[in-house]
file entry.tsv (TSV, C-alpha atoms)
chain	number	residue	atom	x	y	z
Q	249	MET	CA	-12.84	22.14	7.29
Q	250	GLN	CA	-11.05	21.33	4.06
Q	251	ILE	CA	-12.00	22.63	0.63
Q	252	ILE	CA	-11.25	20.13	-2.11
Q	253	PRO	CA	-11.23	20.95	-5.82
Q	254	LEU	CA	-13.60	19.00	-8.05
Q	255	ILE	CA	-13.38	18.21	-11.75
Q	256	ALA	CA	-16.63	18.15	-13.74
Q	257	LEU	CA	-16.30	15.45	-16.39
Q	258	ASN	CA	-18.73	15.87	-19.30
Q	259	LEU	CA	-19.83	12.43	-20.45
Q	260	GLU	CA	-20.38	13.38	-24.09
Q	261	GLY	CA	-23.85	14.81	-23.55
Q	262	ASP	CA	-24.84	11.89	-21.31
Q	263	GLY	CA	-24.45	13.73	-18.02
Q	264	ILE	CA	-21.66	14.81	-15.72
Q	265	HIS	CA	-19.45	12.89	-13.31
Q	266	ILE	CA	-17.77	14.76	-10.48
Q	267	ILE	CA	-14.15	13.63	-10.06
Q	268	ILE	CA	-11.72	14.12	-7.19
Q	269	GLU	CA	-8.10	13.18	-6.79
Q	270	VAL	CA	-7.34	10.81	-3.93
Q	271	GLU	CA	-4.30	9.08	-2.47
Q	272	ILE	CA	-4.46	5.44	-1.42
Q	273	PHE	CA	-1.41	3.47	-0.27
Q	274	ASP	CA	0.72	6.53	-1.20
Q	275	LYS	CA	-0.47	6.39	-4.83
Q	276	PRO	CA	-2.59	8.98	-6.65
Q	277	PHE	CA	-5.91	8.02	-8.25
Q	278	LYS	CA	-9.08	9.64	-9.56
Q	279	MET	CA	-12.44	8.85	-7.98
Q	280	VAL	CA	-16.08	9.65	-8.79
Q	281	VAL	CA	-18.09	11.51	-6.13
Q	282	ASP	CA	-21.37	9.59	-5.96
Q	283	THR	CA	-23.98	11.08	-3.64
Q	284	GLY	CA	-26.25	8.10	-4.35
Q	285	ALA	CA	-23.71	5.47	-3.29
Q	286	SER	CA	-24.15	4.27	0.27
Q	287	LYS	CA	-20.51	3.25	0.66
Q	288	THR	CA	-17.13	4.17	-0.77
Q	289	VAL	CA	-16.12	1.47	-3.24
Q	290	LEU	CA	-12.78	0.72	-4.90
Q	291	ASP	CA	-12.15	-1.25	-8.08
Q	292	LYS	CA	-10.47	-4.58	-7.45
Q	293	THR	CA	-8.57	-4.67	-10.76
Q	294	THR	CA	-7.20	-1.15	-10.36
Q	295	LEU	CA	-5.99	-2.00	-6.85
Q	296	LEU	CA	-4.28	-5.17	-8.07
Q	297	ASN	CA	-2.68	-3.31	-11.00
Q	298	ALA	CA	-1.37	-0.71	-8.52
Q	299	GLY	CA	0.43	-3.46	-6.61
Q	300	ILE	CA	-2.02	-3.91	-3.73
Q	301	GLU	CA	-1.84	-7.54	-2.69
Q	302	GLU	CA	-5.04	-9.53	-3.01
Q	303	SER	CA	-4.33	-11.01	0.43
Q	304	LYS	CA	-5.29	-7.58	1.89
Q	305	PHE	CA	-8.90	-8.03	0.69
Q	306	GLN	CA	-11.35	-9.62	3.10
Q	307	ASN	CA	-14.10	-11.69	1.47
Q	308	THR	CA	-17.52	-10.63	2.72
Q	309	ASN	CA	-19.52	-13.60	1.36
Q	310	ILE	CA	-22.11	-10.97	0.41
Q	311	LEU	CA	-23.32	-10.43	-3.14
Q	312	SER	CA	-23.51	-6.70	-3.85
Q	313	THR	CA	-26.27	-4.98	-5.77
Q	314	GLY	CA	-26.11	-1.96	-8.02
Q	315	LEU	CA	-23.98	-1.12	-11.04
Q	316	GLY	CA	-26.32	-3.14	-13.24
Q	317	THR	CA	-26.02	-6.42	-11.33
Q	318	ASN	CA	-27.20	-8.10	-8.15
Q	319	ASN	CA	-24.68	-10.91	-7.91
Q	320	MET	CA	-21.27	-9.27	-7.71
Q	321	GLN	CA	-18.76	-10.73	-5.25
Q	322	SER	CA	-17.63	-8.12	-2.76
Q	323	PHE	CA	-14.66	-7.66	-0.48
Q	324	THR	CA	-13.57	-5.11	2.09
Q	325	LEU	CA	-10.21	-3.42	2.42
Q	326	ASP	CA	-8.85	-1.52	5.40
Q	327	LEU	CA	-7.05	1.65	4.34
Q	328	PRO	CA	-4.48	2.82	6.90
Q	329	LEU	CA	-4.74	6.32	5.40
Q	330	PHE	CA	-7.22	7.71	2.88
Q	331	ARG	CA	-6.30	11.16	1.59
Q	332	ILE	CA	-8.35	13.57	-0.52
Q	333	HIS	CA	-6.31	16.71	-1.25
Q	334	ASP	CA	-5.43	18.12	2.22
Q	335	TRP	CA	-8.14	16.09	4.00
Q	336	SER	CA	-7.51	12.60	5.36
Q	337	THR	CA	-8.92	9.88	7.57
Q	338	LYS	CA	-7.14	6.92	9.11
Q	339	ASN	CA	-8.18	3.27	9.37
Q	340	PHE	CA	-11.06	3.55	6.95
Q	341	GLN	CA	-12.79	0.46	5.55
Q	342	VAL	CA	-13.98	0.46	1.94
Q	343	ALA	CA	-15.83	-2.04	-0.20
Q	344	VAL	CA	-13.97	-3.63	-3.11
Q	345	LEU	CA	-15.90	-4.64	-6.24
Q	346	ASP	CA	-15.34	-5.18	-9.93
Q	347	LEU	CA	-15.92	-1.72	-11.41
Q	348	SER	CA	-14.52	-2.62	-14.82
Q	349	SER	CA	-17.75	-1.55	-16.55
Q	350	ILE	CA	-17.20	2.04	-15.37
Q	351	ASN	CA	-13.59	2.09	-16.49
Q	352	TYR	CA	-14.49	0.47	-19.80
Q	353	ALA	CA	-17.00	3.27	-20.44
Q	354	TYR	CA	-14.38	5.87	-19.47
Q	355	GLU	CA	-11.88	4.26	-21.82
Q	356	GLN	CA	-14.39	4.47	-24.68
Q	357	MET	CA	-14.68	8.22	-24.04
Q	358	ASN	CA	-10.88	8.66	-23.75
Q	359	PHE	CA	-11.02	9.47	-20.03
Q	360	ALA	CA	-8.55	8.32	-17.41
Q	361	PRO	CA	-9.72	5.35	-15.31
Q	362	VAL	CA	-11.03	5.83	-11.79
Q	363	ILE	CA	-10.26	3.74	-8.73
Q	364	GLY	CA	-13.82	3.89	-7.50
Q	365	VAL	CA	-16.61	5.98	-6.04
Q	366	LEU	CA	-16.68	8.18	-2.95
Q	367	GLY	CA	-19.97	7.39	-1.23
Q	368	GLY	CA	-22.29	8.46	1.54
Q	369	ASP	CA	-20.19	6.89	4.29
Q	370	ILE	CA	-17.66	9.72	3.88
Q	371	LEU	CA	-20.00	12.40	2.55
Q	372	LEU	CA	-22.50	12.18	5.41
Q	373	LYS	CA	-20.07	11.39	8.21
Q	374	TYR	CA	-17.83	14.37	7.38
Q	375	GLY	CA	-20.61	16.85	6.57
Q	376	ALA	CA	-19.89	17.17	2.86
Q	377	VAL	CA	-21.05	20.24	1.00
Q	378	ILE	CA	-20.71	20.25	-2.78
Q	379	ASP	CA	-20.53	23.66	-4.41
Q	380	TYR	CA	-21.23	22.97	-8.07
Q	381	LYS	CA	-20.68	26.59	-9.09
Q	382	ARG	CA	-17.20	26.76	-7.53
Q	383	HIS	CA	-16.37	23.11	-8.28
Q	384	THR	CA	-15.45	22.37	-4.67
Q	385	LEU	CA	-16.23	19.78	-2.01
Q	386	ARG	CA	-16.03	20.78	1.63
Q	387	LEU	CA	-15.34	18.12	4.23
Q	388	GLN	CA	-15.05	18.64	7.96
Q	389	SER	CA	-11.87	17.44	9.58
Q	390	ARG	CA	-13.74	15.53	12.27
Q	391	SER	CA	-16.64	13.19	11.81
Q	392	THR	CA	-20.09	14.39	12.75
Q	393	ARG	CA	-22.50	12.44	14.89
Q	394	LEU	CA	-25.06	10.66	12.78
Q	395	LYS	CA	-28.63	10.48	14.05
call {"tool": "encode", "arguments": {"input": "entry.tsv", "output": "structure tokens"}}
result
Amino acid sequence: MQIIPLIALNLEGDGIHIIIEVEIFDKPFKMVVDTGASKTVLDKTTLLNAGIEESKFQNTNILSTGLGTNNMQSFTLDLPLFRIHDWSTKNFQVAVLDLSSINYAYEQMNFAPVIGVLGGDILLKYGAVIDYKRHTLRLQSRSTRLK
């Protein structure tokens, strides 16, 4: 089991976002922990700006819902290695969407941009436990069997 530090980001009296530091394609990024998200999602623009080739994205021909819209084009991306602090998983597939609205809001509050959201696919599969008092996320090293 790995214990991962969390950052509580105060959204100017409008709530709290829980942030973790991740490594994708050997580059560091910040990501929002979203217990309500069904899947881990990365921002297409941030990936492109980091030098990830668009040819690595697979078009899903599915329009995604959430984030204030129901007609957002979505892609998938296979990550050879996805690292969160000392925890990692190999060959992990994420969704890729336009999350510019999140990063625009962060920019307005003078916060660093995020590459995306960590969703239930990781949180449930690896038995996540969030300790809000200690600002930590625990993830098991091996996936658990889902019922």
call {"tool": "closest_atom_pairs", "arguments": {"input": "entry.tsv", "of": "range 288-308 of chain Q", "to": "range 321-328 of chain Q", "cutoff": "8 Å", "atoms": "only C-alpha atoms", "output": "Markdown table"}}
result
| residue | atom | partner | partner_atom | distance |
| --- | --- | --- | --- | --- |
| Q:Lys304 | CA | Q:Leu325 | CA | 6.5 |
| Q:Phe305 | CA | Q:Leu325 | CA | 5.1 |
| Q:Gln306 | CA | Q:Thr324 | CA | 5.1 |
| Q:Asn307 | CA | Q:Phe323 | CA | 4.5 |
| Q:Thr308 | CA | Q:Phe323 | CA | 5.2 |
call {"tool": "residues_around", "arguments": {"input": "entry.tsv", "residues": "Gln388 in chain Q", "least_positions_apart": "3", "cutoff": "7 Å", "atoms": "only C-alpha atoms", "output": "list in words"}}
result
Met249, Gln250, Tyr374, Gly375 and Ser391 of chain Q
call {"tool": "atom_distance", "arguments": {"input": "entry.tsv", "atom1": "CA of Lys278 in chain Q", "atom2": "CA of Val362 in chain Q"}}
result
4.8 Å
call {"tool": "residues_around", "arguments": {"input": "entry.tsv", "residues": "Lys287 in chain Q", "least_positions_apart": "3", "cutoff": "12 Å", "atoms": "only C-alpha atoms", "output": "PyMOL selection string"}}
result
chain Q and resi 281-284+290+312-314+324+340-345+364-373
call {"tool": "write_last_selection", "arguments": {"input": "entry.tsv", "atoms": "C-alpha atoms", "output": "mmCIF file, keeping the file's coordinate frame"}}
result
data_model
loop_
_atom_site.group_PDB
_atom_site.id
_atom_site.type_symbol
_atom_site.label_atom_id
_atom_site.label_comp_id
_atom_site.auth_asym_id
_atom_site.auth_seq_id
_atom_site.Cartn_x
_atom_site.Cartn_y
_atom_site.Cartn_z
ATOM 1 C CA VAL Q 281 -18.090 11.510 -6.130
ATOM 2 C CA ASP Q 282 -21.370 9.590 -5.960
ATOM 3 C CA THR Q 283 -23.980 11.080 -3.640
ATOM 4 C CA GLY Q 284 -26.250 8.100 -4.350
ATOM 5 C CA LEU Q 290 -12.780 0.720 -4.900
ATOM 6 C CA SER Q 312 -23.510 -6.700 -3.850
ATOM 7 C CA THR Q 313 -26.270 -4.980 -5.770
ATOM 8 C CA GLY Q 314 -26.110 -1.960 -8.020
ATOM 9 C CA THR Q 324 -13.570 -5.110 2.090
ATOM 10 C CA PHE Q 340 -11.060 3.550 6.950
ATOM 11 C CA GLN Q 341 -12.790 0.460 5.550
ATOM 12 C CA VAL Q 342 -13.980 0.460 1.940
ATOM 13 C CA ALA Q 343 -15.830 -2.040 -0.200
ATOM 14 C CA VAL Q 344 -13.970 -3.630 -3.110
ATOM 15 C CA LEU Q 345 -15.900 -4.640 -6.240
ATOM 16 C CA GLY Q 364 -13.820 3.890 -7.500
ATOM 17 C CA VAL Q 365 -16.610 5.980 -6.040
ATOM 18 C CA LEU Q 366 -16.680 8.180 -2.950
ATOM 19 C CA GLY Q 367 -19.970 7.390 -1.230
ATOM 20 C CA GLY Q 368 -22.290 8.460 1.540
ATOM 21 C CA ASP Q 369 -20.190 6.890 4.290
ATOM 22 C CA ILE Q 370 -17.660 9.720 3.880
ATOM 23 C CA LEU Q 371 -20.000 12.400 2.550
ATOM 24 C CA LEU Q 372 -22.500 12.180 5.410
ATOM 25 C CA LYS Q 373 -20.070 11.390 8.210
#
call {"tool": "atom_distance", "arguments": {"input": "entry.tsv", "atom1": "CA of Ala256 in chain Q", "atom2": "CA of Ile268 in chain Q"}}
result
9.1 Å
call {"tool": "closest_residue", "arguments": {"input": "entry.tsv", "among": "Q:Ile378, Q:Leu329, Q:Ile266, Q:Val289", "to": "Leu347 in chain Q", "atoms": "only C-alpha atoms"}}
result
Q:Val289
call {"tool": "closest_residue", "arguments": {"input": "entry.tsv", "among": "Q:Ile252, Q:Leu295, Q:Val270, Q:Ile264", "to": "Arg386 in chain Q", "atoms": "only C-alpha atoms"}}
result
Q:Ile252
call {"tool": "atom_distance", "arguments": {"input": "entry.tsv", "atom1": "CA of Ile363 in chain Q", "atom2": "CA of Thr392 in chain Q"}}
result
25.9 Å
call {"tool": "closest_residue", "arguments": {"input": "entry.tsv", "among": "Q:Ile350, Q:Leu387, Q:Ile267, Q:Ala376", "to": "Asp291 in chain Q", "atoms": "only C-alpha atoms"}}
result
Q:Ile350
call {"tool": "closest_residue", "arguments": {"input": "entry.tsv", "among": "Q:Glu301, Q:Glu355, Q:Asp346, Q:Glu269", "to": "Phe330 in chain Q", "atoms": "only C-alpha atoms"}}
result
Q:Glu269
call {"tool": "closest_residue", "arguments": {"input": "entry.tsv", "among": "Q:Ala285, Q:Val377, Q:Met279, Q:Ile300", "to": "Pro361 in chain Q", "atoms": "only C-alpha atoms"}}
result
Q:Met279
call {"tool": "residues_around", "arguments": {"input": "entry.tsv", "residues": "Asp262 in chain Q", "least_positions_apart": "4", "cutoff": "12 Å", "atoms": "all atoms listed in the file", "output": "PDB file with C-alpha atoms, keeping the file's coordinate frame"}}
result
ATOM      1  CA  LEU Q 257     -16.300  15.450 -16.390  1.00  0.00           C
ATOM      2  CA  ASN Q 258     -18.730  15.870 -19.300  1.00  0.00           C
ATOM      3  CA  ALA Q 353     -17.000   3.270 -20.440  1.00  0.00           C
ATOM      4  CA  MET Q 357     -14.680   8.220 -24.040  1.00  0.00           C
TER       5      MET Q 357
END
call {"tool": "axis_aligned_box", "arguments": {"input": "entry.tsv", "around": "range 374-377 of chain Q", "padding_each_side": "6 Å", "output": "lines of an AutoDock Vina configuration file"}}
result
center_x = -19.4
center_y = 17.3
center_z = 4.2
size_x = 15.2
size_y = 17.9
size_z = 18.4
call {"tool": "decode", "arguments": {"input": "entry.tsv", "residues": "range 290-386 of chain Q", "atoms": "C-alpha atoms", "output": "PDB file, in the first residue's frame"}}
result
ATOM      1  CA  LEU Q 290      -6.815  13.933 -19.153  1.00  0.00           C
ATOM      2  CA  ASP Q 291      -6.998  17.317 -20.858  1.00  0.00           C
ATOM      3  CA  LYS Q 292      -6.264  17.159 -24.566  1.00  0.00           C
ATOM      4  CA  THR Q 293      -4.720  20.640 -24.796  1.00  0.00           C
ATOM      5  CA  THR Q 294      -2.396  20.074 -21.834  1.00  0.00           C
ATOM      6  CA  LEU Q 295      -1.213  16.793 -23.369  1.00  0.00           C
ATOM      7  CA  LEU Q 296      -0.547  18.455 -26.727  1.00  0.00           C
ATOM      8  CA  ASN Q 297       1.284  21.361 -25.052  1.00  0.00           C
ATOM      9  CA  ALA Q 298       3.445  18.810 -23.197  1.00  0.00           C
ATOM     10  CA  GLY Q 299       4.546  17.340 -26.523  1.00  0.00           C
ATOM     11  CA  ILE Q 300       2.294  14.274 -26.614  1.00  0.00           C
ATOM     12  CA  GLU Q 301       1.532  13.574 -30.254  1.00  0.00           C
ATOM     13  CA  GLU Q 302      -2.117  13.738 -31.256  1.00  0.00           C
ATOM     14  CA  SER Q 303      -1.593  10.533 -33.239  1.00  0.00           C
ATOM     15  CA  LYS Q 304      -1.448   8.688 -29.869  1.00  0.00           C
ATOM     16  CA  PHE Q 305      -5.117   9.551 -29.190  1.00  0.00           C
ATOM     17  CA  GLN Q 306      -7.727   7.046 -30.324  1.00  0.00           C
ATOM     18  CA  ASN Q 307     -11.054   8.560 -31.375  1.00  0.00           C
ATOM     19  CA  THR Q 308     -13.949   6.886 -29.585  1.00  0.00           C
ATOM     20  CA  ASN Q 309     -16.787   8.285 -31.733  1.00  0.00           C
ATOM     21  CA  ILE Q 310     -18.602   8.732 -28.411  1.00  0.00           C
ATOM     22  CA  LEU Q 311     -19.874  12.076 -27.177  1.00  0.00           C
ATOM     23  CA  SER Q 312     -19.075  12.439 -23.478  1.00  0.00           C
ATOM     24  CA  THR Q 313     -21.379  13.914 -20.877  1.00  0.00           C
ATOM     25  CA  GLY Q 314     -20.554  15.897 -17.781  1.00  0.00           C
ATOM     26  CA  LEU Q 315     -18.509  19.040 -17.216  1.00  0.00           C
ATOM     27  CA  GLY Q 316     -21.473  21.150 -18.274  1.00  0.00           C
ATOM     28  CA  THR Q 317     -21.962  19.578 -21.703  1.00  0.00           C
ATOM     29  CA  ASN Q 318     -23.314  16.445 -23.350  1.00  0.00           C
ATOM     30  CA  ASN Q 319     -21.669  16.706 -26.741  1.00  0.00           C
ATOM     31  CA  MET Q 320     -17.933  16.720 -26.112  1.00  0.00           C
ATOM     32  CA  GLN Q 321     -15.757  14.663 -28.456  1.00  0.00           C
ATOM     33  CA  SER Q 322     -13.759  12.083 -26.546  1.00  0.00           C
ATOM     34  CA  PHE Q 323     -10.615  10.088 -27.159  1.00  0.00           C
ATOM     35  CA  THR Q 324      -8.670   7.432 -25.294  1.00  0.00           C
ATOM     36  CA  LEU Q 325      -4.961   7.301 -24.622  1.00  0.00           C
ATOM     37  CA  ASP Q 326      -2.906   4.325 -23.497  1.00  0.00           C
ATOM     38  CA  LEU Q 327      -0.374   5.282 -20.837  1.00  0.00           C
ATOM     39  CA  PRO Q 328       2.599   2.913 -20.697  1.00  0.00           C
ATOM     40  CA  LEU Q 329       3.214   4.069 -17.109  1.00  0.00           C
ATOM     41  CA  PHE Q 330       1.034   6.183 -14.827  1.00  0.00           C
ATOM     42  CA  ARG Q 331       2.780   7.261 -11.630  1.00  0.00           C
ATOM     43  CA  ILE Q 332       1.331   8.935  -8.546  1.00  0.00           C
ATOM     44  CA  HIS Q 333       4.105   9.592  -6.008  1.00  0.00           C
ATOM     45  CA  ASP Q 334       5.600   6.126  -5.285  1.00  0.00           C
ATOM     46  CA  TRP Q 335       2.575   4.256  -6.688  1.00  0.00           C
ATOM     47  CA  SER Q 336       2.299   3.283 -10.354  1.00  0.00           C
ATOM     48  CA  THR Q 337       0.366   1.182 -12.817  1.00  0.00           C
ATOM     49  CA  LYS Q 338       1.353   0.090 -16.306  1.00  0.00           C
ATOM     50  CA  ASN Q 339      -0.634   0.040 -19.542  1.00  0.00           C
ATOM     51  CA  PHE Q 340      -3.494   2.128 -18.228  1.00  0.00           C
ATOM     52  CA  GLN Q 341      -6.115   3.606 -20.563  1.00  0.00           C
ATOM     53  CA  VAL Q 342      -7.528   7.062 -19.843  1.00  0.00           C
ATOM     54  CA  ALA Q 343     -10.157   9.207 -21.497  1.00  0.00           C
ATOM     55  CA  VAL Q 344      -9.028  12.418 -23.193  1.00  0.00           C
ATOM     56  CA  LEU Q 345     -11.390  15.405 -23.289  1.00  0.00           C
ATOM     57  CA  ASP Q 346     -11.283  19.165 -23.551  1.00  0.00           C
ATOM     58  CA  LEU Q 347     -10.983  20.279 -19.918  1.00  0.00           C
ATOM     59  CA  SER Q 348     -10.143  23.878 -20.779  1.00  0.00           C
ATOM     60  CA  SER Q 349     -13.066  25.167 -18.695  1.00  0.00           C
ATOM     61  CA  ILE Q 350     -11.454  23.745 -15.537  1.00  0.00           C
ATOM     62  CA  ASN Q 351      -8.065  25.217 -16.340  1.00  0.00           C
ATOM     63  CA  TYR Q 352      -9.626  28.550 -17.271  1.00  0.00           C
ATOM     64  CA  ALA Q 353     -11.298  28.682 -13.850  1.00  0.00           C
ATOM     65  CA  TYR Q 354      -7.997  27.769 -12.172  1.00  0.00           C
ATOM     66  CA  GLU Q 355      -6.220  30.488 -14.128  1.00  0.00           C
ATOM     67  CA  GLN Q 356      -8.786  33.052 -12.933  1.00  0.00           C
ATOM     68  CA  MET Q 357      -7.972  32.061  -9.338  1.00  0.00           C
ATOM     69  CA  ASN Q 358      -4.181  32.122  -9.976  1.00  0.00           C
ATOM     70  CA  PHE Q 359      -3.818  28.348  -9.573  1.00  0.00           C
ATOM     71  CA  ALA Q 360      -1.580  26.112 -11.636  1.00  0.00           C
ATOM     72  CA  PRO Q 361      -3.368  24.166 -14.387  1.00  0.00           C
ATOM     73  CA  VAL Q 362      -4.228  20.496 -13.968  1.00  0.00           C
ATOM     74  CA  ILE Q 363      -3.840  17.730 -16.514  1.00  0.00           C
ATOM     75  CA  GLY Q 364      -7.121  16.129 -15.557  1.00  0.00           C
ATOM     76  CA  VAL Q 365      -9.096  14.216 -12.963  1.00  0.00           C
ATOM     77  CA  LEU Q 366      -8.328  10.964 -11.183  1.00  0.00           C
ATOM     78  CA  GLY Q 367     -11.565   8.985 -11.248  1.00  0.00           C
ATOM     79  CA  GLY Q 368     -13.282   5.918  -9.906  1.00  0.00           C
ATOM     80  CA  ASP Q 369     -11.510   3.541 -12.275  1.00  0.00           C
ATOM     81  CA  ILE Q 370      -8.326   3.963 -10.209  1.00  0.00           C
ATOM     82  CA  LEU Q 371      -9.916   4.804  -6.862  1.00  0.00           C
ATOM     83  CA  LEU Q 372     -12.162   1.732  -6.716  1.00  0.00           C
ATOM     84  CA  LYS Q 373      -9.848  -0.719  -8.445  1.00  0.00           C
ATOM     85  CA  TYR Q 374      -6.939   0.066  -6.107  1.00  0.00           C
ATOM     86  CA  GLY Q 375      -8.965   0.373  -2.890  1.00  0.00           C
ATOM     87  CA  ALA Q 376      -8.468   4.100  -2.367  1.00  0.00           C
ATOM     88  CA  VAL Q 377      -8.861   5.560   1.090  1.00  0.00           C
ATOM     89  CA  ILE Q 378      -8.814   9.334   1.424  1.00  0.00           C
ATOM     90  CA  ASP Q 379      -7.814  10.670   4.829  1.00  0.00           C
ATOM     91  CA  TYR Q 380      -8.948  14.289   4.760  1.00  0.00           C
ATOM     92  CA  LYS Q 381      -7.488  15.048   8.188  1.00  0.00           C
ATOM     93  CA  ARG Q 382      -3.996  13.842   7.244  1.00  0.00           C
ATOM     94  CA  HIS Q 383      -4.273  14.977   3.607  1.00  0.00           C
ATOM     95  CA  THR Q 384      -3.331  11.566   2.251  1.00  0.00           C
ATOM     96  CA  LEU Q 385      -4.596   9.071  -0.309  1.00  0.00           C
ATOM     97  CA  ARG Q 386      -3.855   5.394   0.188  1.00  0.00           C
TER      98      ARG Q 386
END
